[in-house]
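S.K.: Contents of work.pdb (PDB, C-alpha atoms, pLDDT in the B column) are given next:
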ATOM      1  CA  MET A   1     -28.112  26.390  -4.654  1.00 63.00           C
ATOM      2  CA  SER A   2     -28.809  27.661  -8.142  1.00 87.00           C
ATOM      3  CA  VAL A   3     -29.952  24.939 -10.542  1.00 93.00           C
ATOM      4  CA  LEU A   4     -30.803  24.844 -14.230  1.00 94.00           C
ATOM      5  CA  SER A   5     -33.415  22.887 -16.163  1.00 94.00           C
ATOM      6  CA  ILE A   6     -32.366  20.506 -18.923  1.00 95.00           C
ATOM      7  CA  GLY A   7     -33.559  23.061 -21.480  1.00 95.00           C
ATOM      8  CA  GLN A   8     -31.444  25.807 -19.927  1.00 95.00           C
ATOM      9  CA  VAL A   9     -28.371  23.577 -19.826  1.00 96.00           C
ATOM     10  CA  ALA A  10     -28.957  22.520 -23.436  1.00 95.00           C
ATOM     11  CA  GLU A  11     -29.286  26.132 -24.549  1.00 95.00           C
ATOM     12  CA  ARG A  12     -26.230  27.345 -22.630  1.00 94.00           C
ATOM     13  CA  SER A  13     -24.001  24.415 -23.607  1.00 94.00           C
ATOM     14  CA  GLY A  14     -25.164  23.774 -27.167  1.00 94.00           C
ATOM     15  CA  VAL A  15     -25.747  20.095 -26.340  1.00 95.00           C
ATOM     16  CA  ALA A  16     -29.061  18.437 -27.185  1.00 96.00           C
ATOM     17  CA  PRO A  17     -31.235  17.347 -24.249  1.00 96.00           C
ATOM     18  CA  SER A  18     -31.060  13.767 -25.559  1.00 96.00           C
ATOM     19  CA  ALA A  19     -27.257  13.875 -25.292  1.00 96.00           C
ATOM     20  CA  LEU A  20     -27.525  15.221 -21.733  1.00 96.00           C
ATOM     21  CA  ARG A  21     -29.834  12.370 -20.774  1.00 96.00           C
ATOM     22  CA  TYR A  22     -27.467   9.847 -22.397  1.00 97.00           C
ATOM     23  CA  TRP A  23     -24.438  11.333 -20.677  1.00 96.00           C
ATOM     24  CA  GLU A  24     -26.347  11.151 -17.414  1.00 95.00           C
ATOM     25  CA  GLU A  25     -27.031   7.450 -18.035  1.00 95.00           C
ATOM     26  CA  LEU A  26     -23.266   6.982 -18.520  1.00 95.00           C
ATOM     27  CA  GLY A  27     -22.506   8.917 -15.343  1.00 91.00           C
ATOM     28  CA  LEU A  28     -20.708  11.769 -17.114  1.00 92.00           C
ATOM     29  CA  VAL A  29     -23.090  14.351 -15.654  1.00 92.00           C
ATOM     30  CA  SER A  30     -25.612  14.161 -12.869  1.00 90.00           C
ATOM     31  CA  SER A  31     -28.849  15.872 -11.999  1.00 93.00           C
ATOM     32  CA  ILE A  32     -31.230  16.100  -9.127  1.00 93.00           C
ATOM     33  CA  ARG A  33     -34.940  15.496  -9.578  1.00 93.00           C
ATOM     34  CA  THR A  34     -37.798  17.769  -8.626  1.00 91.00           C
ATOM     35  CA  ALA A  35     -40.986  16.504  -7.005  1.00 92.00           C
ATOM     36  CA  GLY A  36     -42.365  16.308 -10.567  1.00 93.00           C
ATOM     37  CA  ASN A  37     -39.360  14.163 -11.627  1.00 91.00           C
ATOM     38  CA  GLN A  38     -37.841  16.930 -13.774  1.00 93.00           C
ATOM     39  CA  ARG A  39     -34.070  17.103 -14.070  1.00 94.00           C
ATOM     40  CA  ARG A  40     -32.186  19.988 -12.508  1.00 95.00           C
ATOM     41  CA  TYR A  41     -28.471  20.527 -12.995  1.00 94.00           C
ATOM     42  CA  GLU A  42     -26.001  22.450 -10.869  1.00 90.00           C
ATOM     43  CA  ARG A  43     -24.218  25.278 -12.676  1.00 88.00           C
ATOM     44  CA  ALA A  44     -20.898  23.387 -12.440  1.00 84.00           C
ATOM     45  CA  THR A  45     -22.407  20.889 -14.910  1.00 89.00           C
ATOM     46  CA  ILE A  46     -21.928  23.395 -17.721  1.00 90.00           C
ATOM     47  CA  ARG A  47     -18.166  23.316 -17.187  1.00 85.00           C
ATOM     48  CA  ARG A  48     -18.203  19.494 -17.163  1.00 87.00           C
ATOM     49  CA  ILE A  49     -20.111  19.565 -20.450  1.00 92.00           C
ATOM     50  CA  ALA A  50     -17.558  21.950 -21.984  1.00 89.00           C
ATOM     51  CA  PHE A  51     -14.851  19.524 -20.904  1.00 86.00           C
ATOM     52  CA  ILE A  52     -16.722  16.550 -22.441  1.00 91.00           C
ATOM     53  CA  ARG A  53     -17.127  18.369 -25.737  1.00 92.00           C
ATOM     54  CA  ALA A  54     -13.482  19.443 -25.856  1.00 85.00           C
ATOM     55  CA  ALA A  55     -12.347  15.894 -25.060  1.00 86.00           C
ATOM     56  CA  GLN A  56     -14.555  14.506 -27.823  1.00 90.00           C
ATOM     57  CA  ARG A  57     -13.085  16.985 -30.305  1.00 86.00           C
ATOM     58  CA  VAL A  58      -9.595  15.627 -29.694  1.00 81.00           C
ATOM     59  CA  GLY A  59     -10.799  12.066 -30.209  1.00 83.00           C
ATOM     60  CA  LEU A  60     -11.281  10.742 -26.693  1.00 87.00           C
ATOM     61  CA  THR A  61     -13.987   8.142 -26.231  1.00 90.00           C
ATOM     62  CA  LEU A  62     -16.848   8.526 -23.794  1.00 94.00           C
ATOM     63  CA  ASP A  63     -15.280   5.732 -21.728  1.00 93.00           C
ATOM     64  CA  GLU A  64     -12.010   7.666 -21.491  1.00 89.00           C
ATOM     65  CA  ILE A  65     -13.889  10.826 -20.639  1.00 90.00           C
ATOM     66  CA  GLY A  66     -15.912   8.996 -17.996  1.00 91.00           C
ATOM     67  CA  THR A  67     -12.775   7.638 -16.360  1.00 88.00           C
ATOM     68  CA  ALA A  68     -11.308  11.131 -16.209  1.00 85.00           C
ATOM     69  CA  LEU A  69     -14.487  12.707 -14.883  1.00 84.00           C
ATOM     70  CA  ALA A  70     -14.774  10.049 -12.188  1.00 84.00           C
ATOM     71  CA  GLY A  71     -11.694  11.603 -10.603  1.00 80.00           C
ATOM     72  CA  LEU A  72     -13.180  15.091 -10.560  1.00 78.00           C
ATOM     73  CA  PRO A  73     -15.226  16.489  -7.688  1.00 72.00           C
ATOM     74  CA  GLU A  74     -19.008  16.498  -7.842  1.00 66.00           C
ATOM     75  CA  GLY A  75     -20.767  19.682  -6.860  1.00 59.00           C
ATOM     76  CA  ARG A  76     -17.885  22.079  -7.384  1.00 65.00           C
ATOM     77  CA  THR A  77     -16.239  23.597 -10.385  1.00 68.00           C
ATOM     78  CA  PRO A  78     -12.977  21.781 -11.190  1.00 72.00           C
ATOM     79  CA  THR A  79      -9.850  23.795 -10.495  1.00 80.00           C
ATOM     80  CA  ALA A  80      -6.915  24.541 -12.776  1.00 83.00           C
ATOM     81  CA  ARG A  81      -5.015  21.844 -10.869  1.00 87.00           C
ATOM     82  CA  ASP A  82      -7.765  19.310 -11.692  1.00 84.00           C
ATOM     83  CA  TRP A  83      -7.569  20.143 -15.404  1.00 79.00           C
ATOM     84  CA  ALA A  84      -3.758  20.071 -15.407  1.00 85.00           C
ATOM     85  CA  ARG A  85      -3.783  16.560 -13.905  1.00 85.00           C
ATOM     86  CA  LEU A  86      -6.158  15.334 -16.626  1.00 81.00           C
ATOM     87  CA  SER A  87      -4.152  17.019 -19.359  1.00 81.00           C
ATOM     88  CA  LEU A  88      -0.966  15.339 -18.176  1.00 85.00           C
ATOM     89  CA  ALA A  89      -2.687  11.942 -18.058  1.00 80.00           C
ATOM     90  CA  TRP A  90      -3.863  12.319 -21.665  1.00 82.00           C
ATOM     91  CA  ARG A  91      -0.653  13.694 -23.133  1.00 86.00           C
ATOM     92  CA  GLY A  92       0.614  10.281 -24.299  1.00 86.00           C
ATOM     93  CA  ARG A  93      -2.733   9.397 -25.829  1.00 82.00           C
ATOM     94  CA  LEU A  94      -2.879  12.709 -27.686  1.00 85.00           C
ATOM     95  CA  ASP A  95       0.752  12.470 -28.851  1.00 90.00           C
ATOM     96  CA  GLU A  96      -0.046   9.028 -30.285  1.00 87.00           C
ATOM     97  CA  GLN A  97      -3.064  10.446 -32.111  1.00 84.00           C
ATOM     98  CA  ILE A  98      -0.982  13.332 -33.470  1.00 88.00           C
ATOM     99  CA  GLY A  99       1.584  10.814 -34.735  1.00 90.00           C
ATOM    100  CA  ARG A 100      -1.123   8.843 -36.558  1.00 85.00           C
ATOM    101  CA  LEU A 101      -2.416  12.020 -38.183  1.00 85.00           C
ATOM    102  CA  GLU A 102       1.083  13.074 -39.248  1.00 88.00           C
ATOM    103  CA  ARG A 103       1.692   9.637 -40.806  1.00 82.00           C
ATOM    104  CA  LEU A 104      -1.619   9.923 -42.642  1.00 79.00           C
ATOM    105  CA  ARG A 105      -0.714  13.398 -43.897  1.00 80.00           C
ATOM    106  CA  ASP A 106       2.707  12.254 -45.086  1.00 78.00           C
ATOM    107  CA  GLN A 107       1.335   9.170 -46.818  1.00 74.00           C
ATOM    108  CA  LEU A 108      -1.428  11.169 -48.501  1.00 72.00           C
ATOM    109  CA  ASP A 109       1.205  13.371 -50.144  1.00 65.00           C
ATOM    110  CA  SER A 110       2.530  10.377 -52.057  1.00 63.00           C
ATOM    111  CA  CYS A 111      -0.885   8.862 -52.565  1.00 60.00           C
ATOM    112  CA  ILE A 112      -2.603  11.797 -54.234  1.00 57.00           C
ATOM    113  CA  GLY A 113      -0.551  11.574 -57.419  1.00 58.00           C
ATOM    114  CA  CYS A 114      -0.298   7.798 -57.719  1.00 61.00           C
ATOM    115  CA  GLY A 115      -3.510   7.410 -59.698  1.00 59.00           C
ATOM    116  CA  CYS A 116      -4.035   3.765 -58.723  1.00 61.00           C
ATOM    117  CA  LEU A 117      -7.753   4.280 -58.106  1.00 57.00           C
ATOM    118  CA  SER A 118      -7.814   0.822 -56.557  1.00 59.00           C
ATOM    119  CA  LEU A 119      -8.331   0.006 -52.903  1.00 58.00           C
ATOM    120  CA  SER A 120      -6.741  -3.397 -53.410  1.00 58.00           C
ATOM    121  CA  ALA A 121      -3.540  -1.860 -54.811  1.00 58.00           C
ATOM    122  CA  CYS A 122      -3.480   1.352 -52.745  1.00 62.00           C
ATOM    123  CA  ALA A 123      -0.191   1.781 -50.870  1.00 59.00           C
ATOM    124  CA  LEU A 124      -1.955   3.753 -48.154  1.00 61.00           C
ATOM    125  CA  ASN A 125      -4.764   1.251 -47.760  1.00 59.00           C
ATOM    126  CA  ASN A 126      -2.682  -1.942 -47.797  1.00 53.00           C
ATOM    127  CA  PRO A 127       0.983  -1.393 -48.760  1.00 54.00           C
ATOM    128  CA  ASP A 128       2.428  -4.255 -50.835  1.00 56.00           C
ATOM    129  CA  ASP A 129      -0.486  -6.352 -49.581  1.00 60.00           C
ATOM    130  CA  LEU A 130       1.726  -7.337 -46.624  1.00 61.00           C
ATOM    131  CA  LEU A 131      -1.022  -6.416 -44.199  1.00 61.00           C
ATOM    132  CA  ALA A 132      -3.834  -8.345 -45.885  1.00 62.00           C
ATOM    133  CA  GLU A 133      -3.931 -10.783 -42.986  1.00 68.00           C
ATOM    134  CA  ARG A 134      -4.781  -7.923 -40.617  1.00 70.00           C
ATOM    135  CA  GLY A 135      -7.897  -7.038 -42.581  1.00 67.00           C
ATOM    136  CA  PRO A 136      -9.087  -4.313 -44.933  1.00 66.00           C
ATOM    137  CA  GLY A 137      -8.556  -0.614 -44.477  1.00 63.00           C
ATOM    138  CA  ALA A 138      -5.705   1.543 -43.333  1.00 64.00           C
ATOM    139  CA  VAL A 139      -4.594  -0.860 -40.629  1.00 63.00           C
ATOM    140  CA  LEU A 140      -1.333   1.000 -40.001  1.00 65.00           C
ATOM    141  CA  LEU A 141      -3.245   4.107 -39.066  1.00 65.00           C
ATOM    142  CA  GLU A 142      -5.749   2.440 -36.762  1.00 58.00           C
ATOM    143  CA  PRO A 143      -5.044   2.261 -33.024  1.00 56.00           C
TER     144      PRO A 143
END
Produce structure tokens that represent the structure in this file.

M.R.:
Amino acid sequence: MSVLSIGQVAERSGVAPSALRYWEELGLVSSIRTAGNQRRYERATIRRIAFIRAAQRVGLTLDEIGTALAGLPEGRTPTARDWARLSLAWRGRLDEQIGRLERLRDQLDSCIGCGCLSLSACALNNPDDLLAERGPGAVLLEP
């Protein structure tokens, strides 16, 4: 079995060793320990890391990523079927996120020229103050 040190994994994946250790604490990746208690990672870990990074880029939380990875096999590279199953499971979540971004884009078009310069009067931030009870910020755009 070919294994990599934490430094090699960090270099190959572009992820800091501290992030690898944290992700290991969360159970997103796993390592074996040498007699000197040094971490060693299987090569398949690099693919898991690429998946974690891609999932983070589309806005998934580490909890969501962990749930997905818990269904993947340890010790072997995930197959195309594995990835397709995860993609299908996340489609609704991603469509919802896309919808929020489209609403933000459309509302920004009208907001840019309004000139209100006031968070309390901003139609994007709190339209007609009808949402004041739900708190500050763009509450319509939050999940």

S.K.: Using the chain letters and numbers from the file, which residues does the PyMOL selection byres ((chain A and resi 4) around 8) grab, as an MDAnalysis selection string?

M.R.: chainID A and resid 2:3 5:9 40:43

S.K.: Please, what distance in Å, to one decimal, runs between CA of Val58 (chain A) and CA of Leu94 (chain A)?

M.R.: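 Result for CA of Val58 (chain A) versus CA of Leu94 (chain A): 7.6 Å, one decimal.
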
S.K.: What is the distance between CA of Gly59 (chain A) and CA of Gln97 (chain A), in Å to one decimal?

M.R.: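 Atom-to-atom, CA of Gly59 (chain A) and CA of Gln97 (chain A) are spaced 8.1 Å apart.
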
S.K.: Mind pulling up the distance from CA of Leu28 (chain A) to CA of Leu69 (chain A)?

M.R.: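 About the pair CA of Leu69 (chain A) and CA of Leu28 (chain A): they are 6.7 Å apart.
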
S.K.: Go through A:Arg53, A:Arg105, A:Arg93, A:Arg47 and flag the residue nearest Pro78 (chain A), using all atoms listed in the file for the distances.

M.R.: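 Of A:Arg53, A:Arg105, A:Arg93, A:Arg47, the one nearest Pro78 (chain A), counting all atoms listed in the file, is A:Arg47.
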
S.K.: Counting all atoms listed in the file, which residues of region 34-92 of chain A fall within 12 Å of region 11-27 of chain A, and what is the closest atom pair for each with its distance in Å at one decimal, ordered by chain and rising number, as a tab-separated table?

M.R.:
residue	atom	partner	partner_atom	distance
A:Gln38	CA	A:Arg21	CA	11.6
A:Arg39	CA	A:Arg21	CA	9.2
A:Arg40	CA	A:Leu20	CA	11.4
A:Tyr41	CA	A:Leu20	CA	10.3
A:Arg43	CA	A:Arg12	CA	10.4
A:Ala44	CA	A:Ser13	CA	11.6
A:Thr45	CA	A:Ser13	CA	9.5
A:Ile46	CA	A:Ser13	CA	6.3
A:Arg47	CA	A:Ser13	CA	8.7
A:Arg48	CA	A:Ser13	CA	10.0
A:Ile49	CA	A:Ser13	CA	7.0
A:Ala50	CA	A:Ser13	CA	7.1
A:Phe51	CA	A:Ser13	CA	10.7
A:Ile52	CA	A:Trp23	CA	9.5
A:Arg53	CA	A:Val15	CA	8.8
A:Ala54	CA	A:Ser13	CA	11.9
A:Leu62	CA	A:Leu26	CA	8.4
A:Asp63	CA	A:Leu26	CA	8.7
A:Glu64	CA	A:Leu26	CA	11.7
A:Ile65	CA	A:Gly27	CA	10.3
A:Gly66	CA	A:Gly27	CA	7.1
A:Thr67	CA	A:Gly27	CA	9.9
A:Ala68	CA	A:Gly27	CA	11.4
A:Leu69	CA	A:Gly27	CA	8.9
A:Ala70	CA	A:Gly27	CA	8.4
A:Glu74	CA	A:Gly27	CA	11.2
